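Novice: Contents of run24.cif (mmCIF, N, CA, C and O atoms):
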data_structure
#
loop_
_atom_site.label_atom_id
_atom_site.label_comp_id
_atom_site.auth_asym_id
_atom_site.auth_seq_id
_atom_site.Cartn_x
_atom_site.Cartn_y
_atom_site.Cartn_z
N MET A 202 72.80 87.94 73.58
CA MET A 202 73.40 86.81 74.27
C MET A 202 72.32 85.80 74.62
O MET A 202 71.25 86.17 75.08
N ASN A 203 72.66 84.58 74.44
CA ASN A 203 71.70 83.56 74.82
C ASN A 203 72.00 83.07 76.24
O ASN A 203 73.03 83.37 76.83
N ALA A 204 71.09 82.32 76.79
CA ALA A 204 71.21 81.86 78.19
C ALA A 204 72.41 80.95 78.37
O ALA A 204 73.06 80.99 79.43
N ASN A 205 72.75 80.18 77.36
CA ASN A 205 73.88 79.26 77.48
C ASN A 205 75.19 80.02 77.70
O ASN A 205 76.01 79.63 78.54
N ARG A 206 75.40 81.09 76.97
CA ARG A 206 76.62 81.89 77.13
C ARG A 206 76.68 82.55 78.50
O ARG A 206 77.75 82.62 79.12
N ILE A 207 75.55 83.03 78.97
CA ILE A 207 75.52 83.67 80.29
C ILE A 207 75.85 82.67 81.39
O ILE A 207 76.64 82.94 82.29
N ILE A 208 75.27 81.49 81.30
CA ILE A 208 75.55 80.44 82.28
C ILE A 208 77.02 80.04 82.22
O ILE A 208 77.67 79.86 83.25
N ASP A 209 77.58 79.91 81.02
CA ASP A 209 78.99 79.57 80.88
C ASP A 209 79.88 80.62 81.52
O ASP A 209 80.87 80.30 82.19
N MET A 210 79.55 81.89 81.33
CA MET A 210 80.34 82.97 81.93
C MET A 210 80.31 82.90 83.45
O MET A 210 81.34 83.05 84.12
N ILE A 211 79.14 82.65 84.00
CA ILE A 211 79.01 82.57 85.46
C ILE A 211 79.78 81.38 86.01
O ILE A 211 80.51 81.48 87.00
N VAL A 212 79.66 80.24 85.34
CA VAL A 212 80.36 79.04 85.79
C VAL A 212 81.87 79.25 85.71
O VAL A 212 82.60 78.89 86.64
N ARG A 213 82.37 79.85 84.63
CA ARG A 213 83.80 80.10 84.52
C ARG A 213 84.29 81.00 85.64
O ARG A 213 85.36 80.77 86.22
N ARG A 214 83.54 82.03 85.96
CA ARG A 214 83.95 82.96 87.02
C ARG A 214 83.99 82.25 88.38
O ARG A 214 84.93 82.42 89.15
N VAL A 215 82.97 81.44 88.67
CA VAL A 215 82.94 80.72 89.95
C VAL A 215 84.09 79.73 90.03
O VAL A 215 84.78 79.64 91.06
N ILE A 216 84.33 79.00 88.96
CA ILE A 216 85.42 78.03 88.94
C ILE A 216 86.76 78.74 89.14
O ILE A 216 87.62 78.28 89.90
N ARG A 217 86.96 79.88 88.48
CA ARG A 217 88.21 80.64 88.61
C ARG A 217 88.43 81.07 90.06
O ARG A 217 89.52 80.95 90.59
N GLN A 218 87.37 81.55 90.72
CA GLN A 218 87.50 81.98 92.10
C GLN A 218 87.81 80.80 93.02
O GLN A 218 88.65 80.91 93.92
N LEU A 219 87.16 79.67 92.79
CA LEU A 219 87.43 78.49 93.61
C LEU A 219 88.86 78.00 93.43
O LEU A 219 89.53 77.63 94.40
N VAL A 220 89.34 78.00 92.20
CA VAL A 220 90.72 77.55 91.94
C VAL A 220 91.71 78.50 92.61
O VAL A 220 92.68 78.06 93.24
N ASN A 221 91.47 79.81 92.51
CA ASN A 221 92.38 80.77 93.15
C ASN A 221 92.39 80.61 94.66
O ASN A 221 93.45 80.67 95.29
N ARG A 222 91.23 80.39 95.26
CA ARG A 222 91.19 80.16 96.71
C ARG A 222 91.94 78.88 97.06
O ARG A 222 92.65 78.83 98.07
N GLY A 223 91.77 77.85 96.26
CA GLY A 223 92.47 76.59 96.52
C GLY A 223 93.97 76.76 96.42
O GLY A 223 94.72 76.20 97.22
N VAL A 224 94.43 77.53 95.44
CA VAL A 224 95.87 77.78 95.29
C VAL A 224 96.38 78.55 96.50
O VAL A 224 97.44 78.22 97.06
N ASP A 225 95.65 79.55 96.95
CA ASP A 225 96.07 80.31 98.12
C ASP A 225 96.15 79.43 99.36
O ASP A 225 97.10 79.49 100.13
N LYS A 226 95.15 78.59 99.55
CA LYS A 226 95.16 77.66 100.70
C LYS A 226 96.32 76.68 100.59
O LYS A 226 96.95 76.33 101.59
N GLY A 227 96.60 76.24 99.37
CA GLY A 227 97.73 75.32 99.17
C GLY A 227 99.06 75.96 99.50
O GLY A 227 99.92 75.34 100.13
N PHE A 228 99.25 77.23 99.10
CA PHE A 228 100.48 77.93 99.46
C PHE A 228 100.59 78.08 100.97
O PHE A 228 101.66 77.90 101.55
N ASP A 229 99.48 78.41 101.62
CA ASP A 229 99.51 78.55 103.08
C ASP A 229 99.86 77.22 103.75
O ASP A 229 100.66 77.18 104.68
N ALA A 230 99.25 76.15 103.28
CA ALA A 230 99.52 74.83 103.86
C ALA A 230 100.96 74.40 103.60
O ALA A 230 101.63 73.85 104.48
N ALA A 231 101.46 74.67 102.40
CA ALA A 231 102.83 74.28 102.07
C ALA A 231 103.84 75.06 102.91
O ALA A 231 104.91 74.53 103.25
N SER A 232 103.52 76.28 103.26
CA SER A 232 104.45 77.07 104.07
C SER A 232 104.51 76.57 105.50
O SER A 232 105.47 76.83 106.22
N ARG A 233 103.49 75.82 105.94
CA ARG A 233 103.47 75.31 107.31
C ARG A 233 104.03 73.89 107.42
O ARG A 233 104.22 73.40 108.53
N ILE A 234 104.34 73.25 106.32
CA ILE A 234 104.79 71.85 106.35
C ILE A 234 106.16 71.76 107.03
O ILE A 234 107.07 72.52 106.74
N GLY A 235 106.27 70.82 107.94
CA GLY A 235 107.54 70.55 108.59
C GLY A 235 107.90 71.53 109.69
O GLY A 235 108.95 71.39 110.31
N ARG A 236 107.08 72.48 109.97
CA ARG A 236 107.38 73.46 111.01
C ARG A 236 106.70 73.04 112.30
O ARG A 236 105.51 72.75 112.33
N LYS A 237 107.46 73.01 113.38
CA LYS A 237 106.88 72.70 114.67
C LYS A 237 106.26 73.98 115.24
O LYS A 237 106.78 75.07 115.02
N PRO A 238 105.19 73.86 115.97
CA PRO A 238 104.57 75.06 116.55
C PRO A 238 105.53 75.78 117.47
O PRO A 238 106.14 75.19 118.36
N GLY A 239 105.72 77.06 117.24
CA GLY A 239 106.59 77.88 118.08
C GLY A 239 108.06 77.79 117.74
O GLY A 239 108.87 78.49 118.33
N ALA A 240 108.45 76.92 116.80
CA ALA A 240 109.86 76.78 116.45
C ALA A 240 110.21 77.71 115.30
O ALA A 240 109.46 77.86 114.35
N GLU A 241 111.39 78.34 115.39
CA GLU A 241 111.87 79.20 114.31
C GLU A 241 112.57 78.34 113.27
O GLU A 241 113.20 77.33 113.61
N THR A 242 112.50 78.74 112.02
CA THR A 242 113.05 77.90 110.95
C THR A 242 114.51 78.18 110.66
O THR A 242 115.22 77.32 110.18
N ASP A 243 115.00 79.39 110.90
CA ASP A 243 116.41 79.67 110.64
C ASP A 243 116.96 80.62 111.69
O ASP A 243 116.23 81.20 112.48
N GLY A 244 118.27 80.81 111.69
CA GLY A 244 118.92 81.64 112.68
C GLY A 244 118.64 83.12 112.51
O GLY A 244 118.75 83.90 113.45
N ASN A 245 118.26 83.55 111.31
CA ASN A 245 117.98 84.96 111.07
C ASN A 245 116.55 85.35 111.38
O ASN A 245 116.17 86.50 111.25
N ALA A 246 115.74 84.39 111.78
CA ALA A 246 114.34 84.68 112.05
C ALA A 246 114.22 85.52 113.31
O ALA A 246 115.00 85.35 114.26
N PRO A 247 113.29 86.42 113.35
CA PRO A 247 113.13 87.26 114.53
C PRO A 247 112.65 86.45 115.73
O PRO A 247 111.97 85.44 115.57
N GLN A 248 113.01 86.88 116.91
CA GLN A 248 112.62 86.19 118.12
C GLN A 248 111.17 86.46 118.47
O GLN A 248 110.53 85.67 119.13
N ASN A 249 110.66 87.58 118.02
CA ASN A 249 109.29 87.96 118.33
C ASN A 249 108.34 87.29 117.33
O ASN A 249 108.46 87.48 116.14
N GLY A 250 107.37 86.54 117.82
CA GLY A 250 106.44 85.84 116.94
C GLY A 250 105.57 86.79 116.14
O GLY A 250 105.24 86.53 114.99
N ALA A 251 105.19 87.92 116.73
CA ALA A 251 104.35 88.88 116.02
C ALA A 251 105.10 89.47 114.84
O ALA A 251 104.53 89.68 113.77
N ASN A 252 106.39 89.75 115.02
CA ASN A 252 107.20 90.29 113.92
C ASN A 252 107.34 89.27 112.80
O ASN A 252 107.30 89.62 111.63
N HIS A 253 107.50 88.01 113.18
CA HIS A 253 107.60 86.94 112.18
C HIS A 253 106.30 86.83 111.39
O HIS A 253 106.30 86.66 110.18
N ASN A 254 105.16 86.93 112.09
CA ASN A 254 103.87 86.86 111.42
C ASN A 254 103.68 88.03 110.47
O ASN A 254 103.13 87.87 109.38
N ALA A 255 104.14 89.21 110.86
CA ALA A 255 104.01 90.38 109.98
C ALA A 255 104.84 90.18 108.72
O ALA A 255 104.40 90.53 107.62
N THR A 256 106.04 89.62 108.87
CA THR A 256 106.89 89.36 107.71
C THR A 256 106.23 88.34 106.79
O THR A 256 106.22 88.52 105.57
N ALA A 257 105.66 87.30 107.37
CA ALA A 257 104.99 86.28 106.56
C ALA A 257 103.78 86.88 105.83
O ALA A 257 103.54 86.55 104.67
N GLN A 258 103.06 87.76 106.49
CA GLN A 258 101.90 88.39 105.86
C GLN A 258 102.33 89.27 104.69
O GLN A 258 101.69 89.28 103.64
N ARG A 259 103.45 90.01 104.85
CA ARG A 259 103.95 90.84 103.75
C ARG A 259 104.39 89.97 102.58
O ARG A 259 104.13 90.31 101.42
N GLN A 260 105.05 88.86 102.85
CA GLN A 260 105.48 87.97 101.79
C GLN A 260 104.28 87.38 101.06
O GLN A 260 104.27 87.27 99.83
N LYS A 261 103.25 86.99 101.82
CA LYS A 261 102.04 86.43 101.21
C LYS A 261 101.35 87.48 100.34
O LYS A 261 100.91 87.19 99.23
N GLN A 262 101.31 88.72 100.83
CA GLN A 262 100.68 89.79 100.07
C GLN A 262 101.45 90.06 98.78
O GLN A 262 100.85 90.25 97.72
N THR A 263 102.78 90.04 98.84
CA THR A 263 103.60 90.25 97.66
C THR A 263 103.39 89.13 96.65
O THR A 263 103.29 89.38 95.44
N MET A 264 103.31 87.89 97.14
CA MET A 264 103.09 86.75 96.25
C MET A 264 101.74 86.86 95.54
O MET A 264 101.64 86.65 94.34
N ARG A 265 100.70 87.23 96.28
CA ARG A 265 99.38 87.36 95.66
C ARG A 265 99.34 88.50 94.66
O ARG A 265 98.68 88.40 93.62
N GLN A 266 100.05 89.58 94.96
CA GLN A 266 100.11 90.71 94.02
C GLN A 266 100.80 90.26 92.73
O GLN A 266 100.36 90.61 91.63
N ALA A 267 101.87 89.47 92.85
CA ALA A 267 102.55 88.97 91.67
C ALA A 267 101.63 88.06 90.86
O ALA A 267 101.64 88.09 89.62
N GLN A 268 100.83 87.25 91.54
CA GLN A 268 99.88 86.38 90.84
C GLN A 268 98.86 87.21 90.07
O GLN A 268 98.53 86.90 88.92
N ARG A 269 98.34 88.27 90.70
CA ARG A 269 97.36 89.13 90.02
C ARG A 269 97.98 89.80 88.80
O ARG A 269 97.36 89.88 87.74
N LEU A 270 99.21 90.29 88.94
CA LEU A 270 99.88 90.94 87.81
C LEU A 270 100.11 89.96 86.67
O LEU A 270 99.97 90.32 85.50
N THR A 271 100.47 88.73 87.00
CA THR A 271 100.68 87.71 85.98
C THR A 271 99.38 87.43 85.24
O THR A 271 99.36 87.33 84.02
N ARG A 272 98.28 87.32 86.00
CA ARG A 272 96.98 87.07 85.36
C ARG A 272 96.59 88.23 84.46
O ARG A 272 96.08 88.03 83.37
N GLN A 273 96.84 89.47 84.92
CA GLN A 273 96.52 90.63 84.09
C GLN A 273 97.35 90.64 82.82
O GLN A 273 96.84 90.95 81.74
N ALA A 274 98.63 90.31 82.93
CA ALA A 274 99.49 90.30 81.75
C ALA A 274 99.02 89.25 80.75
O ALA A 274 99.01 89.50 79.54
N ARG A 275 98.61 88.10 81.24
CA ARG A 275 98.10 87.06 80.33
C ARG A 275 96.84 87.52 79.64
O ARG A 275 96.64 87.29 78.46
N ARG A 276 95.97 88.19 80.39
CA ARG A 276 94.71 88.66 79.83
C ARG A 276 94.95 89.73 78.76
O ARG A 276 94.28 89.78 77.74
N LEU A 277 95.95 90.60 78.98
CA LEU A 277 96.23 91.66 78.05
C LEU A 277 96.90 91.16 76.77
O LEU A 277 96.77 91.77 75.72
N THR A 278 97.64 90.05 76.87
CA THR A 278 98.35 89.56 75.70
C THR A 278 97.48 88.67 74.81
O THR A 278 97.90 88.33 73.71
N LYS A 279 96.31 88.30 75.27
CA LYS A 279 95.41 87.50 74.43
C LYS A 279 94.78 88.39 73.38
O LYS A 279 94.42 89.51 73.63
N PHE A 280 94.64 87.85 72.20
CA PHE A 280 94.07 88.61 71.10
C PHE A 280 92.66 88.17 70.84
O PHE A 280 92.29 87.09 70.82
#
Before we go any further, please render this structure as structure tokens.
Specialist:
Amino acid sequence: MNANRIIDMIVRRVIRQLVNRGVDKGFDAASRIGRKPGAETDGNAPQNGANHNATAQRQKQTMRQAQRLTRQARRLTKF
């Protein structure tokens, strides 16, 4: 391997991580748009703020897991 390929690999990896962090931050920001602090968004929302936060954390974790699985599937299907 020459130095150019090694540098390209490192740059691609750093860029990929930065883009993924940006996407995660964007999802977090989009989920907060239009919500007033302390206000519930629908009638089925729990009254306890801690329970609501736990539900949001589980949903965020599920979304990130789906993103990882999608990336893995794309990587496996490349020839």
Novice: As an exercise, work out the distance from atom N of Gln218 (chain A) to atom O of Arg269 (chain A) in Å and give it to one decimal place.
Specialist: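 That distance, rounded to one decimal, is 13.3 Å.
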Novice: Which residues, written as number ranges by chain, have at least one atom at most 12 Å from Lys226 (chain A), with only C-alpha atoms counted and residues fewer than 6 positions away on the same chain left out?
Specialist: A: 219-220, 232-233, 261, 265
Novice: What is the distance, in Å and to one decimal place, between atom N of Arg213 (chain A) and CA of Phe228 (chain A)?
Specialist: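 It comes out at 23.5 Å.
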Novice: Using Å and a single decimal, report how far atom N of Arg217 (chain A) sits from atom O of Thr271 (chain A).
Specialist: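 A separation of 15.1 Å between them.
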Novice: Please rebuild region 267-278 of chain A with all heavy atoms and give the result as a PDB file, keeping the file's coordinate frame.
Specialist:
ATOM      1  N   ALA A 267     101.870  89.470  92.850  1.00  0.00           N
ATOM      2  CA  ALA A 267     102.550  88.970  91.670  1.00  0.00           C
ATOM      3  C   ALA A 267     101.630  88.060  90.860  1.00  0.00           C
ATOM      4  O   ALA A 267     101.640  88.090  89.620  1.00  0.00           O
ATOM      5  CB  ALA A 267     103.819  88.218  92.077  1.00  0.00           C
ATOM      6  N   GLN A 268     100.830  87.250  91.540  1.00  0.00           N
ATOM      7  CA  GLN A 268      99.880  86.380  90.840  1.00  0.00           C
ATOM      8  C   GLN A 268      98.860  87.210  90.070  1.00  0.00           C
ATOM      9  O   GLN A 268      98.530  86.900  88.920  1.00  0.00           O
ATOM     10  CB  GLN A 268      99.149  85.475  91.819  1.00  0.00           C
ATOM     11  CG  GLN A 268      99.980  84.348  92.371  1.00  0.00           C
ATOM     12  CD  GLN A 268      99.204  83.551  93.397  1.00  0.00           C
ATOM     13  OE1 GLN A 268      98.273  84.053  94.035  1.00  0.00           O
ATOM     14  NE2 GLN A 268      99.590  82.297  93.579  1.00  0.00           N
ATOM     15  N   ARG A 269      98.340  88.270  90.700  1.00  0.00           N
ATOM     16  CA  ARG A 269      97.360  89.130  90.020  1.00  0.00           C
ATOM     17  C   ARG A 269      97.980  89.800  88.800  1.00  0.00           C
ATOM     18  O   ARG A 269      97.360  89.880  87.740  1.00  0.00           O
ATOM     19  CB  ARG A 269      96.831  90.190  90.980  1.00  0.00           C
ATOM     20  CG  ARG A 269      95.794  89.666  91.952  1.00  0.00           C
ATOM     21  CD  ARG A 269      95.072  90.799  92.646  1.00  0.00           C
ATOM     22  NE  ARG A 269      95.958  91.654  93.409  1.00  0.00           N
ATOM     23  CZ  ARG A 269      96.289  91.501  94.681  1.00  0.00           C
ATOM     24  NH1 ARG A 269      95.770  90.503  95.356  1.00  0.00           N
ATOM     25  NH2 ARG A 269      97.096  92.325  95.284  1.00  0.00           N
ATOM     26  N   LEU A 270      99.210  90.290  88.940  1.00  0.00           N
ATOM     27  CA  LEU A 270      99.880  90.940  87.810  1.00  0.00           C
ATOM     28  C   LEU A 270     100.110  89.960  86.670  1.00  0.00           C
ATOM     29  O   LEU A 270      99.970  90.320  85.500  1.00  0.00           O
ATOM     30  CB  LEU A 270     101.195  91.571  88.261  1.00  0.00           C
ATOM     31  CG  LEU A 270     101.068  92.799  89.156  1.00  0.00           C
ATOM     32  CD1 LEU A 270     102.433  93.223  89.673  1.00  0.00           C
ATOM     33  CD2 LEU A 270     100.402  93.934  88.425  1.00  0.00           C
ATOM     34  N   THR A 271     100.470  88.730  87.000  1.00  0.00           N
ATOM     35  CA  THR A 271     100.680  87.710  85.980  1.00  0.00           C
ATOM     36  C   THR A 271      99.380  87.430  85.240  1.00  0.00           C
ATOM     37  O   THR A 271      99.360  87.330  84.020  1.00  0.00           O
ATOM     38  CB  THR A 271     101.218  86.417  86.616  1.00  0.00           C
ATOM     39  OG1 THR A 271     102.426  86.715  87.303  1.00  0.00           O
ATOM     40  CG2 THR A 271     101.486  85.365  85.568  1.00  0.00           C
ATOM     41  N   ARG A 272      98.280  87.320  86.000  1.00  0.00           N
ATOM     42  CA  ARG A 272      96.980  87.070  85.360  1.00  0.00           C
ATOM     43  C   ARG A 272      96.590  88.230  84.460  1.00  0.00           C
ATOM     44  O   ARG A 272      96.080  88.030  83.370  1.00  0.00           O
ATOM     45  CB  ARG A 272      95.899  86.859  86.425  1.00  0.00           C
ATOM     46  CG  ARG A 272      95.893  85.457  86.973  1.00  0.00           C
ATOM     47  CD  ARG A 272      94.688  85.239  87.869  1.00  0.00           C
ATOM     48  NE  ARG A 272      95.189  84.690  89.111  1.00  0.00           N
ATOM     49  CZ  ARG A 272      95.086  85.252  90.308  1.00  0.00           C
ATOM     50  NH1 ARG A 272      94.461  86.374  90.460  1.00  0.00           N
ATOM     51  NH2 ARG A 272      95.592  84.679  91.364  1.00  0.00           N
ATOM     52  N   GLN A 273      96.840  89.470  84.920  1.00  0.00           N
ATOM     53  CA  GLN A 273      96.520  90.630  84.090  1.00  0.00           C
ATOM     54  C   GLN A 273      97.350  90.640  82.820  1.00  0.00           C
ATOM     55  O   GLN A 273      96.840  90.950  81.740  1.00  0.00           O
ATOM     56  CB  GLN A 273      96.766  91.921  84.866  1.00  0.00           C
ATOM     57  CG  GLN A 273      95.697  92.251  85.868  1.00  0.00           C
ATOM     58  CD  GLN A 273      95.992  93.537  86.605  1.00  0.00           C
ATOM     59  OE1 GLN A 273      97.130  94.010  86.637  1.00  0.00           O
ATOM     60  NE2 GLN A 273      94.973  94.106  87.216  1.00  0.00           N
ATOM     61  N   ALA A 274      98.630  90.310  82.930  1.00  0.00           N
ATOM     62  CA  ALA A 274      99.490  90.300  81.750  1.00  0.00           C
ATOM     63  C   ALA A 274      99.020  89.250  80.750  1.00  0.00           C
ATOM     64  O   ALA A 274      99.010  89.500  79.540  1.00  0.00           O
ATOM     65  CB  ALA A 274     100.935  90.027  82.170  1.00  0.00           C
ATOM     66  N   ARG A 275      98.610  88.100  81.240  1.00  0.00           N
ATOM     67  CA  ARG A 275      98.100  87.060  80.330  1.00  0.00           C
ATOM     68  C   ARG A 275      96.840  87.520  79.640  1.00  0.00           C
ATOM     69  O   ARG A 275      96.640  87.290  78.460  1.00  0.00           O
ATOM     70  CB  ARG A 275      97.804  85.782  81.107  1.00  0.00           C
ATOM     71  CG  ARG A 275      99.023  85.005  81.484  1.00  0.00           C
ATOM     72  CD  ARG A 275      98.630  83.700  82.117  1.00  0.00           C
ATOM     73  NE  ARG A 275      99.783  83.086  82.756  1.00  0.00           N
ATOM     74  CZ  ARG A 275      99.712  82.263  83.774  1.00  0.00           C
ATOM     75  NH1 ARG A 275      98.543  81.967  84.297  1.00  0.00           N
ATOM     76  NH2 ARG A 275     100.800  81.750  84.291  1.00  0.00           N
ATOM     77  N   ARG A 276      95.970  88.190  80.390  1.00  0.00           N
ATOM     78  CA  ARG A 276      94.710  88.660  79.830  1.00  0.00           C
ATOM     79  C   ARG A 276      94.950  89.730  78.760  1.00  0.00           C
ATOM     80  O   ARG A 276      94.280  89.780  77.740  1.00  0.00           O
ATOM     81  CB  ARG A 276      93.844  89.241  80.952  1.00  0.00           C
ATOM     82  CG  ARG A 276      92.384  89.007  80.747  1.00  0.00           C
ATOM     83  CD  ARG A 276      91.562  89.467  81.922  1.00  0.00           C
ATOM     84  NE  ARG A 276      92.034  88.930  83.174  1.00  0.00           N
ATOM     85  CZ  ARG A 276      92.056  89.619  84.326  1.00  0.00           C
ATOM     86  NH1 ARG A 276      91.599  90.819  84.393  1.00  0.00           N
ATOM     87  NH2 ARG A 276      92.515  89.063  85.424  1.00  0.00           N
ATOM     88  N   LEU A 277      95.950  90.600  78.980  1.00  0.00           N
ATOM     89  CA  LEU A 277      96.230  91.660  78.050  1.00  0.00           C
ATOM     90  C   LEU A 277      96.900  91.160  76.770  1.00  0.00           C
ATOM     91  O   LEU A 277      96.770  91.770  75.720  1.00  0.00           O
ATOM     92  CB  LEU A 277      97.111  92.724  78.711  1.00  0.00           C
ATOM     93  CG  LEU A 277      96.431  93.555  79.793  1.00  0.00           C
ATOM     94  CD1 LEU A 277      97.457  94.474  80.454  1.00  0.00           C
ATOM     95  CD2 LEU A 277      95.286  94.360  79.225  1.00  0.00           C
ATOM     96  N   THR A 278      97.640  90.050  76.870  1.00  0.00           N
ATOM     97  CA  THR A 278      98.350  89.560  75.700  1.00  0.00           C
ATOM     98  C   THR A 278      97.480  88.670  74.810  1.00  0.00           C
ATOM     99  O   THR A 278      97.900  88.330  73.710  1.00  0.00           O
ATOM    100  CB  THR A 278      99.604  88.763  76.112  1.00  0.00           C
ATOM    101  OG1 THR A 278      99.230  87.693  76.967  1.00  0.00           O
ATOM    102  CG2 THR A 278     100.608  89.670  76.805  1.00  0.00           C
TER     103      THR A 278
END
